[in-house]
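Student: Below is the file work31.csv, which contains CSV, C-alpha atoms.
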chain,number,residue,atom,x,y,z
A,1078,MET,CA,-13.0,216.9,108.5
A,1079,ILE,CA,-16.7,216.3,107.9
A,1080,ASP,CA,-18.2,218.1,104.9
A,1081,ILE,CA,-21.8,219.4,105.3
A,1082,ASP,CA,-23.9,220.7,102.5
A,1083,GLY,CA,-25.6,223.9,103.7
A,1084,SER,CA,-28.3,223.6,101.0
A,1085,TYR,CA,-29.7,220.3,102.4
A,1086,GLY,CA,-33.3,220.2,103.4
A,1087,GLU,CA,-34.7,223.6,104.4
A,1088,GLY,CA,-31.2,224.9,103.6
A,1089,GLY,CA,-31.3,227.8,106.2
A,1090,GLY,CA,-29.4,228.9,109.3
A,1091,GLN,CA,-30.6,225.8,111.2
A,1092,ILE,CA,-27.9,223.7,109.5
A,1093,LEU,CA,-25.2,226.2,110.7
A,1094,ARG,CA,-26.4,226.4,114.2
A,1095,THR,CA,-26.7,222.6,114.7
A,1096,ALA,CA,-23.5,221.8,112.9
A,1097,ILE,CA,-21.4,224.4,114.8
A,1098,SER,CA,-22.9,223.4,118.2
A,1099,LEU,CA,-22.3,219.6,117.7
A,1100,ALA,CA,-18.9,220.1,116.1
A,1101,SER,CA,-17.8,222.2,119.1
A,1102,ILE,CA,-19.0,219.6,121.6
A,1103,GLY,CA,-17.3,216.8,119.8
A,1104,SER,CA,-14.2,218.8,118.8
A,1105,ILE,CA,-14.9,217.9,115.2
A,1106,GLU,CA,-13.5,219.9,112.3
A,1107,VAL,CA,-16.3,220.7,109.7
A,1108,ARG,CA,-16.5,222.4,106.3
A,1109,ILE,CA,-20.0,223.8,105.7
A,1110,PHE,CA,-20.6,224.8,102.0
A,1111,ASN,CA,-23.5,226.1,100.0
A,1112,ILE,CA,-24.6,228.1,103.1
A,1113,ARG,CA,-28.1,229.4,102.6
A,1114,SER,CA,-27.5,229.1,98.8
A,1115,HIS,CA,-31.2,229.1,97.9
A,1116,ARG,CA,-32.1,232.1,99.9
A,1117,PRO,CA,-32.8,235.5,98.2
A,1118,GLN,CA,-29.7,236.8,100.0
A,1119,PRO,CA,-27.4,233.7,100.2
A,1120,GLY,CA,-24.5,233.2,102.6
A,1121,LEU,CA,-23.9,234.4,106.2
A,1122,LYS,CA,-25.9,237.2,107.7
A,1123,ALA,CA,-25.2,239.2,110.9
A,1124,GLN,CA,-27.0,236.8,113.3
A,1125,HIS,CA,-25.3,233.7,111.8
A,1126,MET,CA,-21.8,235.3,112.0
A,1127,LYS,CA,-22.4,236.3,115.7
A,1128,ALA,CA,-23.5,232.8,116.6
A,1129,ILE,CA,-20.4,231.3,115.0
A,1130,GLU,CA,-18.1,234.0,116.5
A,1131,THR,CA,-19.6,233.4,120.0
A,1132,ALA,CA,-19.2,229.6,119.6
A,1133,ALA,CA,-15.7,230.0,118.4
A,1134,LYS,CA,-14.7,232.1,121.4
A,1135,LEU,CA,-16.1,229.5,123.8
A,1136,CYS,CA,-14.0,226.7,122.3
A,1137,ASP,CA,-11.0,228.6,120.9
A,1138,ALA,CA,-12.0,227.5,117.4
A,1139,GLU,CA,-10.3,228.6,114.2
A,1140,VAL,CA,-12.7,229.8,111.6
A,1141,LEU,CA,-12.0,230.3,107.9
A,1142,GLY,CA,-14.4,232.1,105.6
A,1143,LEU,CA,-16.2,234.0,108.3
A,1144,TYR,CA,-17.5,237.2,106.5
A,1145,MET,CA,-20.9,238.6,105.5
A,1146,GLY,CA,-22.3,236.7,102.5
A,1147,SER,CA,-19.8,233.9,102.8
A,1148,GLN,CA,-21.2,230.6,101.5
A,1149,GLU,CA,-18.4,228.3,102.9
A,1150,ILE,CA,-16.6,228.1,106.2
A,1151,ILE,CA,-14.2,225.7,107.9
A,1152,TYR,CA,-14.6,225.4,111.6
A,1153,SER,CA,-11.9,223.8,113.8
A,1154,PRO,CA,-12.9,223.8,117.5
A,1155,MET,CA,-11.0,222.9,120.7
A,1156,GLU,CA,-12.3,222.3,124.2
A,1157,ILE,CA,-15.4,224.3,125.4
A,1158,LYS,CA,-14.6,226.5,128.4
A,1159,GLY,CA,-16.6,228.7,130.8
A,1160,ALA,CA,-16.6,232.4,130.0
A,1161,ALA,CA,-18.6,235.6,130.2
A,1162,TYR,CA,-19.1,237.7,127.0
A,1163,LYS,CA,-21.1,240.6,125.7
A,1164,VAL,CA,-22.5,239.9,122.3
A,1165,ASP,CA,-24.1,242.6,120.0
A,1166,ILE,CA,-25.7,241.2,117.0
A,1167,GLY,CA,-25.8,244.7,115.6
A,1168,THR,CA,-29.2,244.3,114.0
A,1169,ALA,CA,-32.6,243.0,115.1
A,1170,GLY,CA,-31.2,239.5,114.5
A,1171,SER,CA,-32.7,236.9,116.7
A,1172,ILE,CA,-31.2,236.4,120.1
A,1173,SER,CA,-33.1,233.1,120.5
A,1174,LEU,CA,-31.5,231.6,117.4
A,1175,LEU,CA,-28.1,232.6,118.6
A,1176,LEU,CA,-28.8,230.9,121.9
A,1177,GLN,CA,-30.0,227.8,120.0
A,1178,CYS,CA,-26.4,227.4,118.8
A,1179,ILE,CA,-24.8,228.1,122.2
A,1180,MET,CA,-27.1,226.2,124.6
A,1181,PRO,CA,-26.1,222.6,123.8
A,1182,MET,CA,-22.4,223.7,124.1
A,1183,ALA,CA,-23.0,225.2,127.5
A,1184,ALA,CA,-24.1,221.8,128.9
A,1185,PHE,CA,-20.7,220.3,127.9
A,1186,SER,CA,-18.6,223.3,129.0
A,1187,LYS,CA,-15.8,223.0,131.5
A,1188,GLY,CA,-17.3,226.0,133.4
A,1189,ASP,CA,-20.3,228.4,133.7
A,1190,ILE,CA,-21.1,230.4,130.6
A,1191,SER,CA,-22.7,233.9,131.0
A,1192,LEU,CA,-23.8,236.0,128.0
A,1193,GLU,CA,-25.3,239.5,127.7
A,1194,ILE,CA,-26.8,239.7,124.2
A,1195,THR,CA,-28.2,242.7,122.3
A,1196,GLY,CA,-30.4,242.1,119.3
A,1197,GLY,CA,-34.0,241.1,118.5
A,1198,THR,CA,-36.1,239.4,121.2
A,1199,ASP,CA,-39.4,239.2,119.2
A,1200,VAL,CA,-38.8,239.0,115.5
A,1201,LYS,CA,-40.2,236.9,112.6
A,1202,TRP,CA,-39.0,233.4,111.6
A,1203,SER,CA,-37.6,232.7,115.1
A,1204,PRO,CA,-38.9,231.6,118.5
A,1205,THR,CA,-39.7,234.6,120.8
A,1206,MET,CA,-37.6,234.9,123.9
A,1207,ASP,CA,-40.8,234.1,126.0
A,1208,TYR,CA,-41.2,230.9,124.0
A,1209,LEU,CA,-37.5,229.9,124.4
A,1210,ASN,CA,-37.7,230.6,128.2
A,1211,ASN,CA,-41.0,229.0,128.9
A,1212,VAL,CA,-41.3,226.2,126.4
A,1213,THR,CA,-37.9,225.2,125.1
A,1214,CYS,CA,-36.0,225.6,128.4
A,1215,ASN,CA,-38.9,224.1,130.4
A,1216,ALA,CA,-38.6,221.0,128.3
A,1217,LEU,CA,-34.8,220.9,128.5
A,1218,LYS,CA,-35.0,221.1,132.3
A,1219,GLN,CA,-36.5,217.6,132.2
A,1220,MET,CA,-33.2,216.5,130.6
A,1221,GLY,CA,-31.1,218.1,133.4
A,1222,PHE,CA,-30.3,221.4,131.6
A,1223,ASN,CA,-29.3,224.2,134.0
A,1224,TYR,CA,-30.1,227.8,132.9
A,1225,ARG,CA,-31.2,231.3,133.8
A,1226,ILE,CA,-32.5,233.6,131.1
A,1227,GLU,CA,-33.8,237.1,131.7
A,1228,VAL,CA,-35.2,239.6,129.1
A,1229,LEU,CA,-34.0,243.0,130.2
A,1230,LYS,CA,-35.3,244.9,127.1
A,1231,ARG,CA,-37.5,244.0,124.2
A,1232,GLY,CA,-36.2,244.3,120.7
A,1233,TYR,CA,-38.4,244.3,117.6
A,1234,TYR,CA,-37.7,244.6,113.9
A,1235,PRO,CA,-36.1,246.6,112.4
A,1236,GLU,CA,-34.4,248.6,115.2
A,1237,GLY,CA,-33.6,245.7,117.5
A,1238,GLY,CA,-32.0,247.0,120.7
A,1239,GLY,CA,-33.3,244.1,122.9
A,1240,LYS,CA,-31.1,242.9,125.7
A,1241,VAL,CA,-31.0,239.4,127.3
A,1242,CYS,CA,-28.9,238.0,130.1
A,1243,ALA,CA,-28.4,234.3,129.9
A,1244,SER,CA,-26.3,232.0,132.1
A,1245,PHE,CA,-25.8,228.3,131.9
A,1246,GLU,CA,-24.1,225.7,134.1
A,1247,PRO,CA,-22.4,222.5,132.9
A,1248,ALA,CA,-25.0,219.6,133.1
A,1249,ARG,CA,-25.2,215.9,133.1
A,1250,LEU,CA,-27.9,215.5,130.5
A,1251,HIS,CA,-30.1,212.4,130.3
A,1252,GLY,CA,-32.8,211.1,128.1
A,1253,PHE,CA,-36.5,211.9,128.7
A,1254,GLU,CA,-39.7,210.4,127.3
A,1255,TYR,CA,-41.9,213.4,126.7
A,1256,GLU,CA,-45.6,212.8,127.4
A,1257,ARG,CA,-48.4,215.2,127.1
A,1258,LYS,CA,-48.4,217.7,129.9
A,1259,GLU,CA,-51.5,219.7,130.5
A,1260,GLU,CA,-51.2,223.0,132.5
A,1261,ILE,CA,-53.1,226.2,132.6
A,1262,ILE,CA,-52.2,228.4,129.6
A,1263,LYS,CA,-50.0,231.3,130.6
A,1264,GLY,CA,-48.8,234.1,128.4
A,1265,ILE,CA,-47.3,237.6,128.0
A,1266,SER,CA,-48.8,240.3,125.8
A,1267,HIS,CA,-46.3,243.2,125.3
A,1268,SER,CA,-45.7,246.4,123.4
A,1269,SER,CA,-43.2,249.2,123.2
A,1270,LYS,CA,-43.6,252.8,122.0
A,1271,LEU,CA,-47.3,252.1,121.3
A,1272,PRO,CA,-50.5,253.1,123.1
A,1273,GLU,CA,-51.0,250.9,126.2
A,1274,HIS,CA,-54.3,249.5,124.8
A,1275,ILE,CA,-52.5,247.6,122.1
A,1276,SER,CA,-51.0,245.0,124.4
A,1277,GLN,CA,-54.3,244.9,126.4
A,1278,ARG,CA,-56.4,244.3,123.3
A,1279,GLN,CA,-54.1,241.5,122.2
A,1280,ALA,CA,-54.4,239.8,125.6
A,1281,LEU,CA,-58.2,240.3,125.8
A,1282,ALA,CA,-58.8,238.9,122.3
A,1283,ALA,CA,-56.7,235.8,123.1
A,1284,LYS,CA,-58.5,235.3,126.4
A,1285,ARG,CA,-61.8,235.6,124.7
A,1286,VAL,CA,-61.0,232.8,122.1
A,1287,LEU,CA,-59.7,230.5,124.9
A,1288,ASP,CA,-62.7,231.3,127.2
A,1289,ASN,CA,-65.1,230.3,124.4
A,1290,ARG,CA,-63.4,226.9,124.4
A,1291,GLY,CA,-63.6,226.6,128.1
A,1292,ILE,CA,-59.8,226.8,128.4
A,1293,GLU,CA,-58.4,228.6,131.5
A,1294,CYS,CA,-55.6,231.1,130.9
A,1295,ASP,CA,-53.5,233.7,132.7
A,1296,ILE,CA,-52.0,236.4,130.4
A,1297,THR,CA,-49.7,239.1,131.7
A,1298,VAL,CA,-49.8,242.5,130.0
A,1299,CYS,CA,-46.6,244.5,129.7
A,1300,THR,CA,-46.2,248.0,128.1
A,1301,LYS,CA,-42.8,249.8,128.1
A,1302,ASP,CA,-40.9,252.3,126.0
A,1303,GLU,CA,-37.9,250.4,124.7
A,1304,VAL,CA,-35.4,251.3,121.9
A,1305,SER,CA,-37.7,249.8,119.2
A,1306,THR,CA,-41.4,249.9,118.3
A,1307,GLY,CA,-43.5,246.8,118.2
A,1308,SER,CA,-45.8,244.4,120.0
A,1309,GLY,CA,-46.4,240.7,120.3
A,1310,ILE,CA,-48.0,237.9,122.4
A,1311,THR,CA,-46.7,234.5,123.4
A,1312,LEU,CA,-48.8,231.7,125.0
A,1313,TRP,CA,-47.5,228.4,126.5
A,1314,SER,CA,-48.7,225.3,128.3
A,1315,GLY,CA,-46.4,222.4,129.1
A,1316,TYR,CA,-44.3,221.6,126.1
A,1317,ASN,CA,-46.5,223.6,123.7
A,1318,GLY,CA,-46.5,227.3,122.8
A,1319,ALA,CA,-47.8,229.8,120.3
A,1320,SER,CA,-46.9,233.4,119.4
A,1321,ASN,CA,-47.8,236.2,117.1
A,1322,LEU,CA,-46.2,239.6,116.4
A,1323,GLY,CA,-48.0,242.8,115.8
A,1324,ARG,CA,-47.7,244.4,112.3
A,1325,LYS,CA,-49.0,247.4,110.5
A,1326,GLY,CA,-52.5,247.1,109.2
A,1327,ILE,CA,-53.5,244.2,111.4
A,1328,PRO,CA,-55.7,245.0,114.4
A,1329,ALA,CA,-54.4,244.0,117.9
A,1330,GLU,CA,-57.4,241.8,118.3
A,1331,LYS,CA,-56.4,239.7,115.3
A,1332,ILE,CA,-52.9,239.2,116.6
A,1333,GLY,CA,-54.2,237.9,119.9
A,1334,GLU,CA,-56.9,235.7,118.3
A,1335,MET,CA,-54.3,234.1,115.9
A,1336,ALA,CA,-52.0,233.2,118.8
A,1337,ALA,CA,-54.9,231.7,120.8
A,1338,LYS,CA,-56.2,229.6,117.8
A,1339,GLN,CA,-52.6,228.3,117.2
A,1340,MET,CA,-52.5,227.3,120.9
A,1341,ILE,CA,-55.8,225.5,120.6
A,1342,GLN,CA,-54.5,223.6,117.6
A,1343,GLN,CA,-51.5,222.4,119.7
A,1344,ILE,CA,-53.8,221.3,122.6
A,1345,ASP,CA,-56.3,219.6,120.3
A,1346,SER,CA,-53.6,217.6,118.6
A,1347,LYS,CA,-52.9,215.6,121.8
A,1348,ALA,CA,-49.2,215.7,120.9
A,1349,SER,CA,-46.6,215.8,123.7
A,1350,VAL,CA,-44.6,218.6,122.0
A,1351,ASP,CA,-45.4,221.2,119.4
A,1352,PRO,CA,-43.6,221.2,116.0
A,1353,TYR,CA,-41.4,224.1,116.9
A,1354,LEU,CA,-40.0,222.4,120.0
A,1355,ALA,CA,-39.6,219.1,118.2
A,1356,ASP,CA,-36.7,220.3,116.0
A,1357,GLN,CA,-35.0,221.9,119.0
A,1358,LEU,CA,-35.1,218.7,121.0
A,1359,ILE,CA,-33.4,216.6,118.3
A,1360,THR,CA,-29.9,218.0,119.1
A,1361,TYR,CA,-30.2,217.1,122.8
A,1362,MET,CA,-31.7,213.7,122.3
A,1363,GLY,CA,-28.8,212.9,119.9
A,1364,LEU,CA,-26.2,214.0,122.4
A,1365,VAL,CA,-27.6,211.8,125.2
A,1366,GLY,CA,-28.5,208.9,122.8
A,1367,SER,CA,-32.1,208.4,124.1
A,1368,GLY,CA,-35.5,210.1,124.4
A,1369,SER,CA,-38.8,210.3,122.5
A,1370,PHE,CA,-41.8,212.6,121.9
A,1371,THR,CA,-44.9,212.8,119.7
A,1372,THR,CA,-45.8,215.8,117.5
A,1373,TYR,CA,-48.6,216.4,115.0
A,1374,MET,CA,-46.3,217.7,112.2
A,1375,VAL,CA,-42.8,216.7,111.3
A,1376,SER,CA,-41.4,220.0,109.9
A,1377,GLN,CA,-38.6,220.4,107.4
A,1378,HIS,CA,-36.5,222.0,110.2
A,1379,THR,CA,-36.9,218.8,112.2
A,1380,LEU,CA,-35.9,216.6,109.3
A,1381,THR,CA,-32.9,218.8,108.7
A,1382,ASN,CA,-31.8,218.7,112.3
A,1383,ILE,CA,-32.1,214.9,112.3
A,1384,HIS,CA,-29.9,214.7,109.2
A,1385,ILE,CA,-27.1,216.9,110.7
A,1386,THR,CA,-27.3,215.2,114.1
A,1387,GLU,CA,-27.1,211.7,112.6
A,1388,LEU,CA,-24.2,212.9,110.5
A,1389,LEU,CA,-22.1,214.3,113.3
A,1390,LEU,CA,-23.0,212.0,116.1
A,1391,ASP,CA,-23.2,208.7,114.3
A,1392,ILE,CA,-26.6,207.8,115.7
A,1393,GLU,CA,-30.0,207.1,114.1
A,1394,PHE,CA,-33.5,208.5,114.7
A,1395,GLU,CA,-36.7,206.7,114.1
A,1396,ILE,CA,-40.0,208.3,113.0
A,1397,ARG,CA,-43.1,206.2,113.4
A,1398,LYS,CA,-46.8,206.8,112.8
A,1399,LYS,CA,-48.9,206.8,116.0
A,1400,GLY,CA,-52.5,207.4,115.0
A,1401,LYS,CA,-52.6,211.0,113.7
A,1402,LEU,CA,-49.3,211.8,115.4
A,1403,ALA,CA,-45.6,211.1,114.6
A,1404,GLU,CA,-43.4,209.6,117.3
A,1405,ILE,CA,-39.7,210.5,117.0
A,1406,SER,CA,-37.1,208.6,119.1
A,1407,VAL,CA,-33.5,207.7,119.1
A,1408,LYS,CA,-33.2,204.3,117.5
Let me see whether you can do it: turn the structure in this file into structure tokens.
Tutor:
Amino acid sequence: MIDIDGSYGEGGGQILRTAISLASIGSIEVRIFNIRSHRPQPGLKAQHMKAIETAAKLCDAEVLGLYMGSQEIIYSPMEIKGAAYKVDIGTAGSISLLLQCIMPMAAFSKGDISLEITGGTDVKWSPTMDYLNNVTCNALKQMGFNYRIEVLKRGYYPEGGGKVCASFEPARLHGFEYERKEEIIKGISHSSKLPEHISQRQALAAKRVLDNRGIECDITVCTKDEVSTGSGITLWSGYNGASNLGRKGIPAEKIGEMAAKQMIQQIDSKASVDPYLADQLITYMGLVGSGSFTTYMVSQHTLTNIHITELLLDIEFEIRKKGKLAEISVK
């Protein structure tokens, strides 16, 4: 059994997701303690429990200590098998974060995995589903990852109610040296149960900021009446993305402008991947034992993921300065 301190580094749910995923792939028994111990509400929350439950189903794992607020679990996995499940997070908990845990497992499954997940598609502190689909999965495709993800309904905080269908095939993953990839900026500006002009103003404001910098963009506007109320915008180009969610008291124009300015920062950095994609790639690079990328900021999430991946896979990463950028590779 490998012991993992859940308070290490940023001490959040990232440790759980990475550890559970890698333990499942390697059939490694793990004990994770001090789970989210420094958070205002320590221990497991609904979205963490559903991620662990789903992973456990896929590999017939025995789990001890799996309850709301638990700060210690023991996870004992078997072989990962293909399956089809419906998963209801029960809150506006992030669907993309649940998928972060399951996706590496899917590549090493004995059969296809199909999931219908209900929860939050566009919520704070997590990648939007548009980012996961168009940045994360676009990058993983270069490593041989096979997927299909479709957003059927948007789900915003606090009601949730979003629905995503995701299917994955077993894959022969391989290393990839990520280099800067310049493409036209694409995006989606969306809203639900709000006047149609909200999503339009978000898109127009983002386009105006990008146009002023001479940057071409193509932003789709989508307005629907879903279960929950909210809005947001996600932009992407190559292995870089930016997003912003609507909130009370902030004009729609400001939401669009902030997303566009973040996108410009990614482009101006000349890095091959943005800091949010960087931490997600670590798990896959560790599994295949090769690969590299540059990023303009090494986040605490990335350092935490490196620590857990090195611990469970017995490999080593290297971080080197490359001008104003950091190059991360498997040593």
Student: Residues near stretch 1079-1088 of chain A, anyone? I mean within 10 Å using all atoms listed in the file, not counting same-chain ones fewer than 3 positions away, as an MDAnalysis selection string.
Tutor: chainID A and resid 1091:1093 1096 1100 1105:1116 1120 1148:1149 1151 1376:1382 1384:1385 1388:1389
Student: Kindly provide, as a list in words, the polymer residues lying within 12 Å of (-51.1, 249.7, 123.2), counting only C-alpha atoms and using the coordinates exactly as they appear in the file.
Tutor: Ser1266, His1267, Ser1268, Ser1269, Lys1270, Leu1271, Pro1272, Glu1273, His1274, Ile1275, Ser1276, Gln1277, Arg1278, Gln1279, Ala1280, Val1298, Cys1299, Thr1300, Lys1301, Asp1302, Thr1306, Gly1307, Ser1308, Gly1309, Gly1323, Pro1328, Ala1329 and Glu1330 of chain A
Student: Keeping only C-alpha atoms, take the residues you just selected and write them out as a PDB file, keeping the file's coordinate frame.
Tutor:
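This went into out.pdb:
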ATOM      1  CA  SER A1266     -48.800 240.300 125.800  1.00  0.00           C
ATOM      2  CA  HIS A1267     -46.300 243.200 125.300  1.00  0.00           C
ATOM      3  CA  SER A1268     -45.700 246.400 123.400  1.00  0.00           C
ATOM      4  CA  SER A1269     -43.200 249.200 123.200  1.00  0.00           C
ATOM      5  CA  LYS A1270     -43.600 252.800 122.000  1.00  0.00           C
ATOM      6  CA  LEU A1271     -47.300 252.100 121.300  1.00  0.00           C
ATOM      7  CA  PRO A1272     -50.500 253.100 123.100  1.00  0.00           C
ATOM      8  CA  GLU A1273     -51.000 250.900 126.200  1.00  0.00           C
ATOM      9  CA  HIS A1274     -54.300 249.500 124.800  1.00  0.00           C
ATOM     10  CA  ILE A1275     -52.500 247.600 122.100  1.00  0.00           C
ATOM     11  CA  SER A1276     -51.000 245.000 124.400  1.00  0.00           C
ATOM     12  CA  GLN A1277     -54.300 244.900 126.400  1.00  0.00           C
ATOM     13  CA  ARG A1278     -56.400 244.300 123.300  1.00  0.00           C
ATOM     14  CA  GLN A1279     -54.100 241.500 122.200  1.00  0.00           C
ATOM     15  CA  ALA A1280     -54.400 239.800 125.600  1.00  0.00           C
ATOM     16  CA  VAL A1298     -49.800 242.500 130.000  1.00  0.00           C
ATOM     17  CA  CYS A1299     -46.600 244.500 129.700  1.00  0.00           C
ATOM     18  CA  THR A1300     -46.200 248.000 128.100  1.00  0.00           C
ATOM     19  CA  LYS A1301     -42.800 249.800 128.100  1.00  0.00           C
ATOM     20  CA  ASP A1302     -40.900 252.300 126.000  1.00  0.00           C
ATOM     21  CA  THR A1306     -41.400 249.900 118.300  1.00  0.00           C
ATOM     22  CA  GLY A1307     -43.500 246.800 118.200  1.00  0.00           C
ATOM     23  CA  SER A1308     -45.800 244.400 120.000  1.00  0.00           C
ATOM     24  CA  GLY A1309     -46.400 240.700 120.300  1.00  0.00           C
ATOM     25  CA  GLY A1323     -48.000 242.800 115.800  1.00  0.00           C
ATOM     26  CA  PRO A1328     -55.700 245.000 114.400  1.00  0.00           C
ATOM     27  CA  ALA A1329     -54.400 244.000 117.900  1.00  0.00           C
ATOM     28  CA  GLU A1330     -57.400 241.800 118.300  1.00  0.00           C
TER      29      GLU A1330
END
Student: As an exercise, work out the distance from atom CA of A:Lys1325 to atom CA of A:Gly1232 in Å and give it to one decimal place.
Tutor: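 Distance between the two atoms: 16.7 Å.
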Student: Take atom CA of A:Phe1394 and atom CA of A:Thr1360 and report the distance between them in Å, one decimal.
Tutor: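 Calculated distance between atom CA of A:Phe1394 and atom CA of A:Thr1360 is 11.1 Å.
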Student: Could you check how far atom CA of A:Ile1150 sits from atom CA of A:Ile1102, in Å to one decimal?
Tutor: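 Separation between atom CA of A:Ile1150 and atom CA of A:Ile1102: 17.8 Å.
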Student: Identify which of the residues A:Gly1146, A:Leu1141, A:Ile1097, A:Val1200 lies closest to A:Lys1122, counting all atoms listed in the file when measuring atom-to-atom distances.
Tutor: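 Checking each candidate against A:Lys1122, we get A:Gly1146 as the closest.
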Student: Go through A:Ser1203, A:Thr1131, A:Thr1095, A:Asn1317 one by one, measure the shortest atom-to-atom distance of each to A:Ile1383 using only C-alpha atoms, and give the residue with the smallest value.
Tutor: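 Result for the nearest residue to A:Ile1383: A:Thr1095.
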Student: Which residue gives the smallest distance to A:Ala1336 among A:Ile1292, A:Leu1176, A:Ala1348, A:Val1286, with all atoms listed in the file counted?
Tutor: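 Closest residue, counting all atoms listed in the file: A:Val1286.
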Student: Env of A:Cys1178: 8 Å cut, atoms = all atoms listed in the file, seq-sep filter 4 positions within chain, self excluded. Answer as a list in words.
Tutor: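 My reading of the contact set: Arg1094, Thr1095, Ile1097, Ser1098, Ala1128, Ala1132, Leu1174 and Met1182 of chain A.
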Student: Skip stretch 1153-1160 of chain A itself and residues of its chain fewer than 4 positions away, then list as a PyMOL selection string all residues within 12 Å of it, counting only C-alpha atoms.
Tutor: chain A and resi 1078-1079+1096-1109+1129-1142+1179-1193+1243-1247
Student: Do a neighbour search on stretch 1258-1260 of chain A at 10 Å with all atoms listed in the file, toss out local chain neighbours closer than 3 positions, and write the hits as a tab-separated table (two decimals) with C-alpha atoms, in the coordinates of the input.
Tutor:
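Output file part09.tsv follows:
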chain	number	residue	atom	x	y	z
A	1255	TYR	CA	-41.90	213.40	126.70
A	1263	LYS	CA	-50.00	231.30	130.60
A	1293	GLU	CA	-58.40	228.60	131.50
A	1294	CYS	CA	-55.60	231.10	130.90
A	1313	TRP	CA	-47.50	228.40	126.50
A	1314	SER	CA	-48.70	225.30	128.30
A	1315	GLY	CA	-46.40	222.40	129.10
A	1316	TYR	CA	-44.30	221.60	126.10
A	1317	ASN	CA	-46.50	223.60	123.70
A	1344	ILE	CA	-53.80	221.30	122.60
A	1347	LYS	CA	-52.90	215.60	121.80
A	1348	ALA	CA	-49.20	215.70	120.90
A	1349	SER	CA	-46.60	215.80	123.70
A	1350	VAL	CA	-44.60	218.60	122.00
Student: Restricting the calculation to only C-alpha atoms: of A:Ile1396, A:Lys1401, A:Lys1408, A:Thr1297, which residue gets closest to A:Asp1345?
Tutor: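 Counting only C-alpha atoms, the residue closest to A:Asp1345 is A:Lys1401.
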Student: Residues proximal to (-45.5, 206.4, 116.4) were defined as those with any atom within 12 Å of that point in the file's coordinates, counting only C-alpha atoms. Which are they, as a PyMOL selection string?
Tutor: chain A and resi 1348-1349+1369-1373+1375+1395-1406
Student: With N, CA and C atoms as the goal, would you fill in the gaps in stretch 1365-1378 of chain A and present it as a JSON list (two decimals), in the coordinates of the input?
Tutor:
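Written out: part_18.json:
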[["chain", "number", "residue", "atom", "x", "y", "z"],
["A", 1365, "VAL", "N", -27.49, 212.74, 124.08],
["A", 1365, "VAL", "CA", -27.60, 211.80, 125.20],
["A", 1365, "VAL", "C", -27.90, 210.36, 124.70],
["A", 1366, "GLY", "N", -28.29, 210.24, 123.42],
["A", 1366, "GLY", "CA", -28.50, 208.90, 122.80],
["A", 1366, "GLY", "C", -29.80, 208.25, 123.22],
["A", 1367, "SER", "N", -30.77, 209.01, 123.72],
["A", 1367, "SER", "CA", -32.10, 208.40, 124.10],
["A", 1367, "SER", "C", -33.12, 209.53, 124.16],
["A", 1368, "GLY", "N", -34.38, 209.11, 124.28],
["A", 1368, "GLY", "CA", -35.50, 210.10, 124.40],
["A", 1368, "GLY", "C", -36.50, 209.89, 123.30],
["A", 1369, "SER", "N", -37.71, 210.41, 123.52],
["A", 1369, "SER", "CA", -38.80, 210.30, 122.50],
["A", 1369, "SER", "C", -39.84, 211.37, 122.79],
["A", 1370, "PHE", "N", -40.63, 211.66, 121.76],
["A", 1370, "PHE", "CA", -41.80, 212.60, 121.90],
["A", 1370, "PHE", "C", -42.72, 212.31, 120.74],
["A", 1371, "THR", "N", -43.94, 212.83, 120.85],
["A", 1371, "THR", "CA", -44.90, 212.80, 119.70],
["A", 1371, "THR", "C", -45.15, 214.25, 119.32],
["A", 1372, "THR", "N", -45.41, 214.45, 118.03],
["A", 1372, "THR", "CA", -45.80, 215.80, 117.50],
["A", 1372, "THR", "C", -46.76, 215.56, 116.37],
["A", 1373, "TYR", "N", -47.57, 216.58, 116.07],
["A", 1373, "TYR", "CA", -48.60, 216.40, 115.00],
["A", 1373, "TYR", "C", -48.09, 216.75, 113.64],
["A", 1374, "MET", "N", -46.88, 217.33, 113.56],
["A", 1374, "MET", "CA", -46.30, 217.70, 112.20],
["A", 1374, "MET", "C", -44.81, 217.58, 112.31],
["A", 1375, "VAL", "N", -44.22, 216.82, 111.39],
["A", 1375, "VAL", "CA", -42.80, 216.70, 111.30],
["A", 1375, "VAL", "C", -42.30, 217.78, 110.30],
["A", 1376, "SER", "N", -41.74, 218.87, 110.79],
["A", 1376, "SER", "CA", -41.40, 220.00, 109.90],
["A", 1376, "SER", "C", -40.07, 219.71, 109.17],
["A", 1377, "GLN", "N", -39.82, 220.52, 108.15],
["A", 1377, "GLN", "CA", -38.60, 220.40, 107.40],
["A", 1377, "GLN", "C", -37.39, 220.75, 108.31],
["A", 1378, "HIS", "N", -37.60, 221.66, 109.26],
["A", 1378, "HIS", "CA", -36.50, 222.00, 110.20],
["A", 1378, "HIS", "C", -36.16, 220.73, 111.03]]
